[in-house]
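Step one of this worksheet: look at the structure below.
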Amino acid sequence: MKIGLGIRGNDRTNTLFLDYAAQIGVTDTIVFMPDKKIIPSAESHGYWSVEDLKALRRLYHEHHLEIDGFENFDPRMWYKILLDEPGKKMQMDNVKRCIESMGKAGIKTMGYNFSIACVTGLHGGNYARGGAHTVRFTKTDEAVSTPFPLGWAWNHQVVDEPPAGVLDFITKEQMYERRDYFLREIIPVAEEAGVVLAAHPEDPPIPELRAASRLLITPKDFEELLSTYNSKSIAVEFCQGTFAEMGVDVYEQIRSFASRKKIAYVHFRNVKGTIPEYTEVFIDEGDTDMVEALKAYHESGYEGLLMPDHVPTISCANATETGMAHAIGYI
């Protein structure tokens, strides 16, 4: 297995941070939400060019890191697909070009979350060991039931001048239809490009959030995904913390997906509690025995990337970096 890290925001091309990652033991990375800030062609072309992706890989190689994959499209790049709006075909064509470019540039995994609300409804506080700052989900929070404003998706304002009002409720059937359109279009392109599409579970894994239904909230939902789209390019982005939040046997799920070679990469994260209330905690203080989890991956033949995902901060000058270094060291 490989020690990995998700690189986000300004850190994606921050050479000091890339050196830090290599120095704490990271070898492989997942670059989060590539956008025009790090890939100029995202703005000039509307999709990622092969040249830009190769340049990004060269930058990471210079700092002793490999890019295993990307995680999530910029919401402005595919919101019309998510919201089923006019213009979705043009966005779909550009997303296809992105996947083609990834294959040609040697970036072989695309993590995605086909969701309107994505990760939302969490609130911060000093809930982790020693009063460390982290996040907690409580289903009764007002944010859970508040609809998105029009012109928003994925916690992002995707329209420069959004109209007044809020999003109408989106049913599960509507979400299935939208995802089916997306996958039927993208799978042949991914297969040809040699790119794996890794589906992230809904976090929090609840049926509805912010006036939108959610699809991947149980292991059964993933089984239906894998059987409906029986393709070498369809896999699971195994967010271990989210599966724990579901209240299922995490070790059993690891063995089930890993033994079938259906885990693209792992968010190796721990939590306390399950739906309707849980807290993200330090990697070694949650309900899941992480050593037993590692054994389950190993015994099932998993050889891919393990990354901490998000972590509590640690009270010091570089709170987030220290929290991440603790998680990497534990792995």
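Letters A, B, ... mark the chains of the structure tokens in the order given; residue numbers begin at 1 per chain; ligand numbers begin at 1, in order shown.
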Show me, as a Markdown table, the residues of segment 199-246 of chain A having an atom within 10 Å of segment 148-158 of chain A, each with the closest atom pair and its distance in Å, using only C-alpha atoms.
| residue | atom | partner | partner_atom | distance |
| --- | --- | --- | --- | --- |
| A:Leu209 | CA | A:Phe148 | CA | 9.5 |
| A:Arg210 | CA | A:Phe148 | CA | 6.0 |
| A:Ala211 | CA | A:Phe148 | CA | 7.2 |
| A:Ala212 | CA | A:Phe148 | CA | 8.8 |
The selected residues should be written to file as a tab-separated table (two decimals), in the first residue's frame (atoms: N, CA, C and O atoms).
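Just written: result.tsv:
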chain	number	residue	atom	x	y	z
A	209	LEU	N	-30.57	16.07	1.93
A	209	LEU	CA	-29.80	17.14	2.55
A	209	LEU	C	-29.97	18.40	1.72
A	209	LEU	O	-29.78	18.39	0.49
A	210	ARG	N	-30.39	19.47	2.37
A	210	ARG	CA	-30.56	20.78	1.73
A	210	ARG	C	-31.45	20.70	0.49
A	210	ARG	O	-31.13	21.21	-0.58
A	211	ALA	N	-32.58	19.99	0.65
A	211	ALA	CA	-33.61	19.89	-0.40
A	211	ALA	C	-33.16	19.07	-1.60
A	211	ALA	O	-33.67	19.25	-2.71
A	212	ALA	N	-32.22	18.16	-1.40
A	212	ALA	CA	-31.77	17.29	-2.49
A	212	ALA	C	-31.61	15.87	-1.98
A	212	ALA	O	-31.03	15.65	-0.91
I need the strand (DSSP E or B) residues of segment 237-308 of chain A per DSSP on the backbone, written as a list in words.
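In segment 237-308 of chain A, DSSP puts these residues in strand (DSSP E or B): Glu237, Phe238, Cys239, Ile263, Ala264, Tyr265, Val266, His267, Asn270, Val271, Lys272, Gly273, Thr274, Glu277, Tyr278, Thr279, Glu280, Val281, Leu305, Leu306 and Met307 of chain A.
With atom CA of Cys239 of chain A on one side and atom CA of Val266 of chain A on the other, the separation reads 5.8 Å.
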Could you pull the residues within 8 Å of segment 23-31 of chain A, counting only C-alpha atoms, minus those fewer than 5 positions along the same chain, as a list in words?
Lys2, Ile3, Gly4, Leu5, Gly6, Ile7, Arg8, Arg12, His64, Leu65, Glu66, Ile67, Asp68, Gly69, Phe70, Glu71, Leu305, Ala325, Ile328 and Gly329 of chain A
Store the residues of this selection in a file with N, CA, C and O atoms, as a tab-separated table (two decimals), in the first residue's frame.
chain	number	residue	atom	x	y	z
A	2	LYS	N	0.30	2.35	-0.47
A	2	LYS	CA	1.05	3.59	-0.63
A	2	LYS	C	0.53	4.64	0.34
A	2	LYS	O	-0.67	4.74	0.59
A	3	ILE	N	1.43	5.45	0.87
A	3	ILE	CA	1.07	6.53	1.78
A	3	ILE	C	0.69	7.75	0.94
A	3	ILE	O	1.52	8.27	0.19
A	4	GLY	N	-0.53	8.20	1.10
A	4	GLY	CA	-1.01	9.26	0.24
A	4	GLY	C	-1.50	10.48	1.00
A	4	GLY	O	-1.67	10.47	2.22
A	5	LEU	N	-1.75	11.55	0.25
A	5	LEU	CA	-2.26	12.79	0.82
A	5	LEU	C	-3.09	13.51	-0.23
A	5	LEU	O	-2.72	13.55	-1.40
A	6	GLY	N	-4.22	14.04	0.20
A	6	GLY	CA	-5.02	14.90	-0.67
A	6	GLY	C	-4.48	16.32	-0.59
A	6	GLY	O	-4.33	16.87	0.50
A	7	ILE	N	-4.17	16.91	-1.74
A	7	ILE	CA	-3.59	18.26	-1.77
A	7	ILE	C	-4.69	19.23	-2.21
A	7	ILE	O	-5.27	19.07	-3.28
A	8	ARG	N	-4.96	20.24	-1.38
A	8	ARG	CA	-6.10	21.13	-1.59
A	8	ARG	C	-5.66	22.60	-1.70
A	8	ARG	O	-4.58	22.97	-1.25
A	12	ARG	N	-1.84	23.12	-3.58
A	12	ARG	CA	-1.71	22.25	-4.74
A	12	ARG	C	-0.46	22.56	-5.57
A	12	ARG	O	0.10	21.65	-6.21
A	64	HIS	N	9.37	14.91	-5.55
A	64	HIS	CA	9.39	13.52	-5.12
A	64	HIS	C	8.00	12.97	-4.82
A	64	HIS	O	7.83	12.12	-3.95
A	65	LEU	N	7.00	13.43	-5.57
A	65	LEU	CA	5.63	12.99	-5.38
A	65	LEU	C	5.04	12.54	-6.71
A	65	LEU	O	5.38	13.07	-7.78
A	66	GLU	N	4.11	11.59	-6.63
A	66	GLU	CA	3.35	11.14	-7.79
A	66	GLU	C	1.91	11.60	-7.65
A	66	GLU	O	1.37	11.67	-6.54
A	67	ILE	N	1.29	11.97	-8.77
A	67	ILE	CA	-0.14	12.27	-8.77
A	67	ILE	C	-0.89	11.00	-9.18
A	67	ILE	O	-0.84	10.59	-10.34
A	68	ASP	N	-1.56	10.37	-8.22
A	68	ASP	CA	-2.34	9.18	-8.52
A	68	ASP	C	-3.66	9.52	-9.20
A	68	ASP	O	-4.20	8.74	-9.98
A	69	GLY	N	-4.22	10.67	-8.83
A	69	GLY	CA	-5.51	11.02	-9.39
A	69	GLY	C	-5.97	12.40	-8.98
A	69	GLY	O	-5.29	13.11	-8.23
A	70	PHE	N	-7.15	12.74	-9.48
A	70	PHE	CA	-7.83	13.97	-9.09
A	70	PHE	C	-9.08	13.61	-8.30
A	70	PHE	O	-9.63	12.50	-8.45
A	71	GLU	N	-9.52	14.55	-7.49
A	71	GLU	CA	-10.77	14.34	-6.75
A	71	GLU	C	-11.68	15.53	-6.93
A	71	GLU	O	-11.36	16.65	-6.49
A	305	LEU	N	-3.62	3.42	-2.57
A	305	LEU	CA	-3.27	4.58	-1.75
A	305	LEU	C	-4.16	4.69	-0.52
A	305	LEU	O	-5.37	4.47	-0.59
A	325	ALA	N	0.31	15.57	9.68
A	325	ALA	CA	1.54	14.81	9.92
A	325	ALA	C	1.31	13.71	10.97
A	325	ALA	O	1.86	12.60	10.86
A	328	ILE	N	-0.48	10.90	9.07
A	328	ILE	CA	0.45	10.18	8.19
A	328	ILE	C	1.40	9.32	9.01
A	328	ILE	O	1.67	8.16	8.66
A	329	GLY	N	1.90	9.85	10.11
A	329	GLY	CA	2.80	9.08	10.97
A	329	GLY	C	2.12	7.85	11.52
A	329	GLY	O	2.72	6.77	11.61
Give me the residues within 7 Å of Ile217 of chain A as an mmCIF file with C-alpha atoms, in the first residue's frame, counting only C-alpha atoms and dropping any in the same chain fewer than 6 places off.
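Final file, part_8.cif:
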data_model
loop_
_atom_site.group_PDB
_atom_site.id
_atom_site.type_symbol
_atom_site.label_atom_id
_atom_site.label_comp_id
_atom_site.auth_asym_id
_atom_site.auth_seq_id
_atom_site.Cartn_x
_atom_site.Cartn_y
_atom_site.Cartn_z
ATOM 1 C CA PRO A 201 -20.247 8.045 -0.671
ATOM 2 C CA GLU A 202 -22.510 10.857 0.489
ATOM 3 C CA PRO A 205 -24.862 9.464 4.548
ATOM 4 C CA ILE A 206 -28.484 10.565 4.922
#
